[in-house]
$ cat coords-v8.tsv   # TSV, C-alpha atoms and all ligand atoms
chain	number	residue	atom	x	y	z
A	1	MET	CA	20.36	10.51	6.76
A	2	SER	CA	21.88	7.08	6.25
A	3	ASN	CA	21.78	5.00	3.09
A	4	ASN	CA	22.03	1.30	2.37
A	5	LEU	CA	25.30	1.62	0.45
A	6	ASN	CA	26.94	3.40	3.40
A	7	VAL	CA	28.46	6.01	1.12
A	8	THR	CA	29.00	9.71	1.72
A	9	LEU	CA	26.38	11.59	-0.27
A	10	ILE	CA	27.60	13.90	-3.00
A	11	ASP	CA	25.14	16.54	-4.16
A	12	GLU	CA	25.86	15.98	-7.85
A	13	GLU	CA	23.46	14.68	-10.46
A	14	ILE	CA	24.39	12.20	-13.18
A	15	VAL	CA	22.04	12.45	-16.17
A	16	MET	CA	21.37	9.35	-18.25
A	17	ALA	CA	21.25	9.78	-22.04
A	18	ASP	CA	17.70	10.21	-23.43
A	19	GLU	CA	17.83	7.07	-25.55
A	20	GLU	CA	18.87	4.80	-22.67
A	21	PHE	CA	16.62	2.64	-20.49
A	22	ILE	CA	17.32	1.22	-17.05
A	23	VAL	CA	15.62	-2.17	-16.76
A	24	SER	CA	15.26	-4.56	-13.84
A	25	LYS	CA	13.05	-7.41	-12.73
A	26	THR	CA	12.17	-8.73	-9.29
A	27	ASP	CA	10.35	-11.66	-7.74
A	28	LEU	CA	7.08	-11.02	-5.89
A	29	ARG	CA	8.92	-9.96	-2.73
A	30	GLY	CA	10.98	-7.37	-4.59
A	31	ASN	CA	14.26	-9.31	-4.74
A	32	ILE	CA	16.14	-8.32	-7.89
A	33	THR	CA	16.37	-11.14	-10.47
A	34	TYR	CA	17.65	-9.19	-13.50
A	35	VAL	CA	19.38	-5.89	-14.24
A	36	ASN	CA	20.46	-4.54	-17.62
A	37	ARG	CA	23.86	-3.02	-18.35
A	38	THR	CA	22.54	0.55	-18.08
A	39	PHE	CA	21.27	-0.18	-14.54
A	40	MET	CA	24.74	-1.28	-13.50
A	41	GLU	CA	26.43	1.65	-15.26
A	42	MET	CA	24.13	4.24	-13.64
A	43	ALA	CA	24.21	2.71	-10.14
A	44	LEU	CA	27.90	1.80	-10.40
A	45	LEU	CA	27.12	-1.65	-9.01
A	46	ASN	CA	27.62	-5.10	-10.55
A	47	GLU	CA	25.30	-8.12	-10.75
A	48	GLU	CA	26.86	-9.62	-7.65
A	49	GLN	CA	25.97	-6.50	-5.67
A	50	LEU	CA	22.42	-6.36	-7.04
A	51	LEU	CA	20.97	-9.81	-7.76
A	52	GLY	CA	18.97	-11.17	-4.82
A	53	LYS	CA	18.87	-7.74	-3.16
A	54	ASN	CA	15.96	-5.34	-2.80
A	55	HIS	CA	16.01	-2.15	-4.87
A	56	ASN	CA	16.42	-0.28	-1.61
A	57	VAL	CA	20.20	-0.77	-2.04
A	58	ILE	CA	20.00	2.26	-4.34
A	59	ARG	CA	17.37	4.10	-2.28
A	60	HIS	CA	18.34	7.75	-1.88
A	61	PRO	CA	17.62	9.27	1.57
A	62	ASP	CA	15.93	12.24	-0.17
A	63	MET	CA	13.12	9.91	-1.31
A	64	PRO	CA	10.02	10.02	0.91
A	65	LYS	CA	8.83	6.67	2.26
A	66	GLY	CA	5.30	7.62	1.20
A	67	VAL	CA	6.24	7.29	-2.48
A	68	PHE	CA	7.36	3.69	-2.03
A	69	LYS	CA	4.36	2.87	0.12
A	70	PHE	CA	2.19	4.18	-2.71
A	71	LEU	CA	4.24	2.18	-5.28
A	72	TRP	CA	3.72	-1.11	-3.43
A	73	GLN	CA	0.04	-0.36	-2.78
A	74	THR	CA	-0.44	0.36	-6.50
A	75	LEU	CA	1.16	-3.01	-7.41
A	76	LYS	CA	-0.91	-4.81	-4.78
A	77	ASP	CA	-4.03	-3.32	-6.33
A	78	GLU	CA	-2.83	-4.84	-9.63
A	79	ASN	CA	-2.22	-1.47	-11.25
A	80	GLU	CA	0.96	-0.24	-12.90
A	81	PHE	CA	3.00	2.47	-11.21
A	82	PHE	CA	4.53	5.55	-12.80
A	83	GLY	CA	6.68	7.93	-10.83
A	84	PHE	CA	9.85	9.94	-10.40
A	85	VAL	CA	12.58	8.38	-8.29
A	86	LYS	CA	15.89	9.81	-7.13
A	87	ASN	CA	18.39	6.98	-6.93
A	88	LEU	CA	21.78	6.65	-5.27
A	89	ARG	CA	24.99	5.56	-7.00
A	90	SER	CA	27.74	3.75	-5.20
A	91	ASP	CA	29.97	6.83	-5.57
A	92	GLY	CA	27.47	8.92	-3.56
A	93	ARG	CA	26.13	10.84	-6.56
A	94	TYR	CA	22.50	10.54	-7.68
A	95	TYR	CA	20.34	10.16	-10.79
A	96	TRP	CA	16.66	10.83	-11.34
A	97	VAL	CA	14.49	8.43	-13.31
A	98	PHE	CA	10.91	8.28	-14.49
A	99	ALA	CA	9.92	4.74	-13.61
A	100	ASN	CA	7.18	2.48	-14.86
A	101	VAL	CA	6.67	-0.62	-12.71
A	102	THR	CA	4.36	-3.41	-13.87
A	103	ALA	CA	3.58	-6.97	-12.84
A	104	GLU	CA	4.88	-9.92	-14.83
A	105	TYR	CA	2.66	-12.95	-15.44
A	106	ASP	CA	3.34	-16.54	-16.43
A	107	ARG	CA	1.32	-18.48	-19.02
A	108	THR	CA	-1.39	-19.25	-16.50
A	109	GLU	CA	-1.70	-15.51	-15.80
A	110	LYS	CA	-0.26	-16.00	-12.34
A	111	SER	CA	1.81	-13.03	-11.21
A	112	THR	CA	5.49	-14.03	-10.97
A	113	GLY	CA	7.16	-10.73	-10.14
A	114	PHE	CA	7.67	-7.15	-11.22
A	115	PHE	CA	9.35	-5.37	-14.06
A	116	SER	CA	10.62	-1.80	-14.13
A	117	VAL	CA	11.69	0.36	-17.06
A	118	ARG	CA	13.10	3.79	-16.33
A	119	ARG	CA	13.85	6.70	-18.56
A	120	THR	CA	15.53	10.04	-18.03
A	121	PRO	CA	13.02	12.68	-16.89
A	122	PRO	CA	13.07	16.25	-18.15
A	123	ALA	CA	14.70	18.74	-15.77
A	124	SER	CA	11.42	20.71	-15.74
A	125	ALA	CA	9.65	17.71	-14.15
A	126	ILE	CA	12.27	17.40	-11.42
A	127	GLN	CA	11.87	21.10	-10.63
A	128	VAL	CA	8.22	20.39	-9.82
A	129	ILE	CA	8.55	17.02	-8.11
A	130	ALA	CA	11.66	17.61	-5.95
A	131	PRO	CA	10.04	20.33	-3.74
A	132	ILE	CA	6.96	18.12	-3.28
A	133	TYR	CA	9.16	15.20	-2.16
A	134	GLN	CA	11.05	17.56	0.14
A	135	GLN	CA	7.84	18.55	1.88
A	136	MET	CA	6.74	14.93	2.12
A	137	LEU	CA	10.08	14.03	3.68
A	138	GLN	CA	9.81	16.87	6.17
A	139	LEU	CA	6.39	15.62	7.27
A	140	GLU	CA	7.79	12.11	7.65
A	141	ASN	CA	10.77	13.27	9.68
A	142	SER	CA	8.74	15.42	12.05
A	143	ALA	CA	6.04	12.80	12.74
A	144	ASN	CA	5.93	10.81	15.97
A	145	SER	CA	6.13	7.48	14.20
A	146	ALA	CA	7.12	6.21	10.75
A	147	LYS	CA	3.57	5.04	10.12
A	148	VAL	CA	1.99	8.40	10.92
A	149	GLY	CA	4.68	10.15	8.90
A	150	GLU	CA	3.95	8.02	5.85
A	151	GLN	CA	0.21	8.65	6.15
A	152	GLU	CA	0.72	12.39	6.49
A	153	SER	CA	3.09	12.57	3.58
A	154	ILE	CA	0.71	10.63	1.31
A	155	LYS	CA	-2.14	12.90	2.49
A	156	PHE	CA	-0.04	15.93	1.56
A	157	LEU	CA	0.49	14.55	-1.95
A	158	GLN	CA	-3.23	13.81	-2.30
A	159	GLN	CA	-4.12	17.35	-1.19
A	160	LYS	CA	-1.68	18.77	-3.71
A	161	LEU	CA	-3.32	16.71	-6.47
A	162	GLU	CA	-6.79	17.83	-5.34
A	163	GLU	CA	-5.67	21.46	-5.51
A	164	LEU	CA	-4.44	20.86	-9.04
A	165	GLN	CA	-7.60	18.84	-9.80
A	166	ILE	CA	-5.67	15.98	-11.34
A	167	ASP	CA	-5.15	12.31	-10.55
A	168	TYR	CA	-1.68	11.03	-9.62
A	169	GLN	CA	-1.01	9.12	-12.83
A	170	SER	CA	-2.01	11.98	-15.17
A	171	PHE	CA	0.05	14.38	-13.04
A	172	VAL	CA	3.30	12.44	-13.35
A	173	ILE	CA	2.81	11.41	-16.99
A	174	ASN	CA	2.06	15.04	-17.94
A	175	LEU	CA	5.21	16.18	-16.13
A	176	PHE	CA	7.24	13.59	-18.03
A	177	ASN	CA	5.76	14.65	-21.38
A	178	GLU	CA	5.83	18.39	-20.83
A	179	ALA	CA	9.50	18.87	-21.62
B	201	LIG	C1	10.26	-3.57	-9.89
B	201	LIG	C2	10.63	-2.61	-8.78
B	201	LIG	C3	11.55	-1.61	-9.01
B	201	LIG	C4	11.94	-0.73	-8.00
B	201	LIG	N1	12.87	0.24	-8.29
B	201	LIG	C5	13.31	1.04	-7.30
B	201	LIG	C6	14.33	2.00	-7.55
B	201	LIG	O1	14.81	2.18	-8.67
B	201	LIG	N2	14.75	2.74	-6.50
B	201	LIG	C7	14.26	2.61	-5.23
B	201	LIG	O2	14.71	3.31	-4.31
B	201	LIG	N3	13.27	1.71	-4.97
B	201	LIG	C8	12.78	0.94	-5.98
B	201	LIG	N4	11.80	0.03	-5.70
B	201	LIG	C9	11.19	0.02	-4.34
B	201	LIG	C10	12.02	-0.77	-3.34
B	201	LIG	O3	11.66	-2.15	-3.40
B	201	LIG	C11	11.78	-0.27	-1.89
B	201	LIG	O4	10.41	-0.37	-1.56
B	201	LIG	C12	12.22	1.20	-1.69
B	201	LIG	O5	13.54	1.38	-2.12
B	201	LIG	C13	12.07	1.65	-0.23
B	201	LIG	O6	12.90	0.91	0.58
B	201	LIG	P1	12.56	0.67	2.12
B	201	LIG	O7	11.24	-0.01	2.14
B	201	LIG	O8	13.67	-0.16	2.64
B	201	LIG	O9	12.50	2.06	2.73
B	201	LIG	C14	11.38	-0.85	-6.71
B	201	LIG	C15	10.44	-1.87	-6.46
B	201	LIG	C16	10.05	-2.74	-7.49
B	201	LIG	C17	9.05	-3.81	-7.22
$ encode --input "coords-v8.tsv" --output "structure tokens"
Amino acid sequence: MSNNLNVTLIDEEIVMADEEFIVSKTDLRGNITYVNRTFMEMALLNEEQLLGKNHNVIRHPDMPKGVFKFLWQTLKDENEFFGFVKNLRSDGRYYWVFANVTAEYDRTEKSTGFFSVRRTPPASAIQVIAPIYQQMLQLENSANSAKVGEQESIKFLQQKLEELQIDYQSFVINLFNEA
């Protein structure tokens, strides 16, 4: 599977220190307007390579499209998003984050963009989430169209949550806290 950095994937994880945070901001269309130092250090990219771009520059091909569809839908519904994301570094390696994405507002309470803070997830959470993402990705790749694939992969996630009798947000927050 291709990636936006055009790098050869290396199946090696880089783990961010527990006390670090990766922070970025975007405008309403998702164009990056700010990144902190930790973002650049983890992605191995500089401001020039990031500002004005979409976060999909660091999108890892192992991430199902359904997750991002759900992220954008959550923001559109004016809710905050929590979730696990596998990101790509410019050296081909990857890092997992637990992301919180919220809207930013100006003084008139008009939404001006989005803000994301990411922390290092516990390995136990990744052990649960990675196989779910893998199944979502498989559904997406075997569907006749991208749209159908996305719908099927989101349906799979919803069914999984129904089986576990838990809502999405509680599920991911519990996984993050259960270390
Ligand atoms: C504030 C914010 C932060 C985001 N952070 C990431 C991120 O760390 N990694 C990522 O792959 N996508 C992130 N996204 C989602 C991307 O904008 C994009 O939807 C995703 O990478 C899928 O790319 P695609 O639509 O080209 O497939 C973020 C979006 C917003 C609004």
$ residues_around --input "coords-v8.tsv" --residues "Asn31 of chain A" --least-positions-apart "6" --cutoff "10 Å" --atoms "all atoms listed in the file" --output "VMD selection string"
chain A and resid 25 50 to 56 113 to 114
$ residues_around --input "coords-v8.tsv" --residues "Lys65 of chain A" --least-positions-apart "4" --cutoff "9 Å" --atoms "only C-alpha atoms" --output "number ranges by chain"
A: 69-70, 136-137, 140, 146, 149-150, 153
$ write_last_selection --input "coords-v8.tsv" --atoms "C-alpha atoms" --output "PDB file, in the frame of the given file"
ATOM      1  CA  LYS A  69       4.360   2.870   0.120  1.00  0.00           C
ATOM      2  CA  PHE A  70       2.190   4.180  -2.710  1.00  0.00           C
ATOM      3  CA  MET A 136       6.740  14.930   2.120  1.00  0.00           C
ATOM      4  CA  LEU A 137      10.080  14.030   3.680  1.00  0.00           C
ATOM      5  CA  GLU A 140       7.790  12.110   7.650  1.00  0.00           C
ATOM      6  CA  ALA A 146       7.120   6.210  10.750  1.00  0.00           C
ATOM      7  CA  GLY A 149       4.680  10.150   8.900  1.00  0.00           C
ATOM      8  CA  GLU A 150       3.950   8.020   5.850  1.00  0.00           C
ATOM      9  CA  SER A 153       3.090  12.570   3.580  1.00  0.00           C
TER      10      SER A 153
END
$ closest_residue --input "coords-v8.tsv" --among "A:Asp11, A:Glu162, A:Glu104, A:Glu20" --to "ligand LIG 201 (chain B)" --atoms "only C-alpha atoms and all ligand atoms"
A:Glu104
$ closest_residue --input "coords-v8.tsv" --among "A:Lys155, A:Lys110, A:Arg29, A:Arg119" --to "ligand LIG 201 (chain B)" --atoms "only C-alpha atoms and all ligand atoms"
A:Arg29
$ residues_around --input "coords-v8.tsv" --residues "Glu80 of chain A" --least-positions-apart "5" --cutoff "8 Å" --atoms "all atoms listed in the file" --output "list in words"
Thr74, Leu75, Asn100, Val101, Thr102 and Ala103 of chain A
$ atom_distance --input "coords-v8.tsv" --atom1 "atom CA of Val23 of chain A" --atom2 "atom CA of Val117 of chain A"
4.7 Å
$ atom_distance --input "coords-v8.tsv" --atom1 "atom O7 of ligand LIG 201 (chain B)" --atom2 "atom CA of Ile126 of chain A"
22.1 Å
$ closest_residue --input "coords-v8.tsv" --among "A:Ala17, A:Val85, A:Ile166, A:Leu139" --to "ligand LIG 201 (chain B)" --atoms "all atoms listed in the file"
A:Val85
$ closest_residue --input "coords-v8.tsv" --among "A:Leu88, A:Asn144, A:Met63, A:Glu163" --to "Ile129 of chain A" --atoms "only C-alpha atoms"
A:Met63
$ closest_residue --input "coords-v8.tsv" --among "A:Pro64, A:Phe176, A:Glu12, A:Glu48" --to "Gln138 of chain A" --atoms "all atoms listed in the file"
A:Pro64
$ residues_around --input "coords-v8.tsv" --residues "Ile22 of chain A" --least-positions-apart "2" --cutoff "12 Å" --atoms "all atoms listed in the file" --output "PyMOL selection string"
chain A and resi 16-20+24-25+34-43+87+95-101+115-120
$ closest_residue --input "coords-v8.tsv" --among "A:Glu109, A:Glu178, A:Asp62, A:Asp91" --to "ligand LIG 201 (chain B)" --atoms "only C-alpha atoms and all ligand atoms"
A:Asp62
$ atom_distance --input "coords-v8.tsv" --atom1 "atom CA of Leu164 of chain A" --atom2 "atom CA of Val128 of chain A"
12.7 Å
$ axis_aligned_box --input "coords-v8.tsv" --around "segment 98-115 of chain A" --padding-each-side "6 Å" --output "AutoDock Vina command-line options"
--center_x 4.6 --center_y -5.5 --center_z -14.6 --size_x 24.6 --size_y 39.5 --size_z 20.9
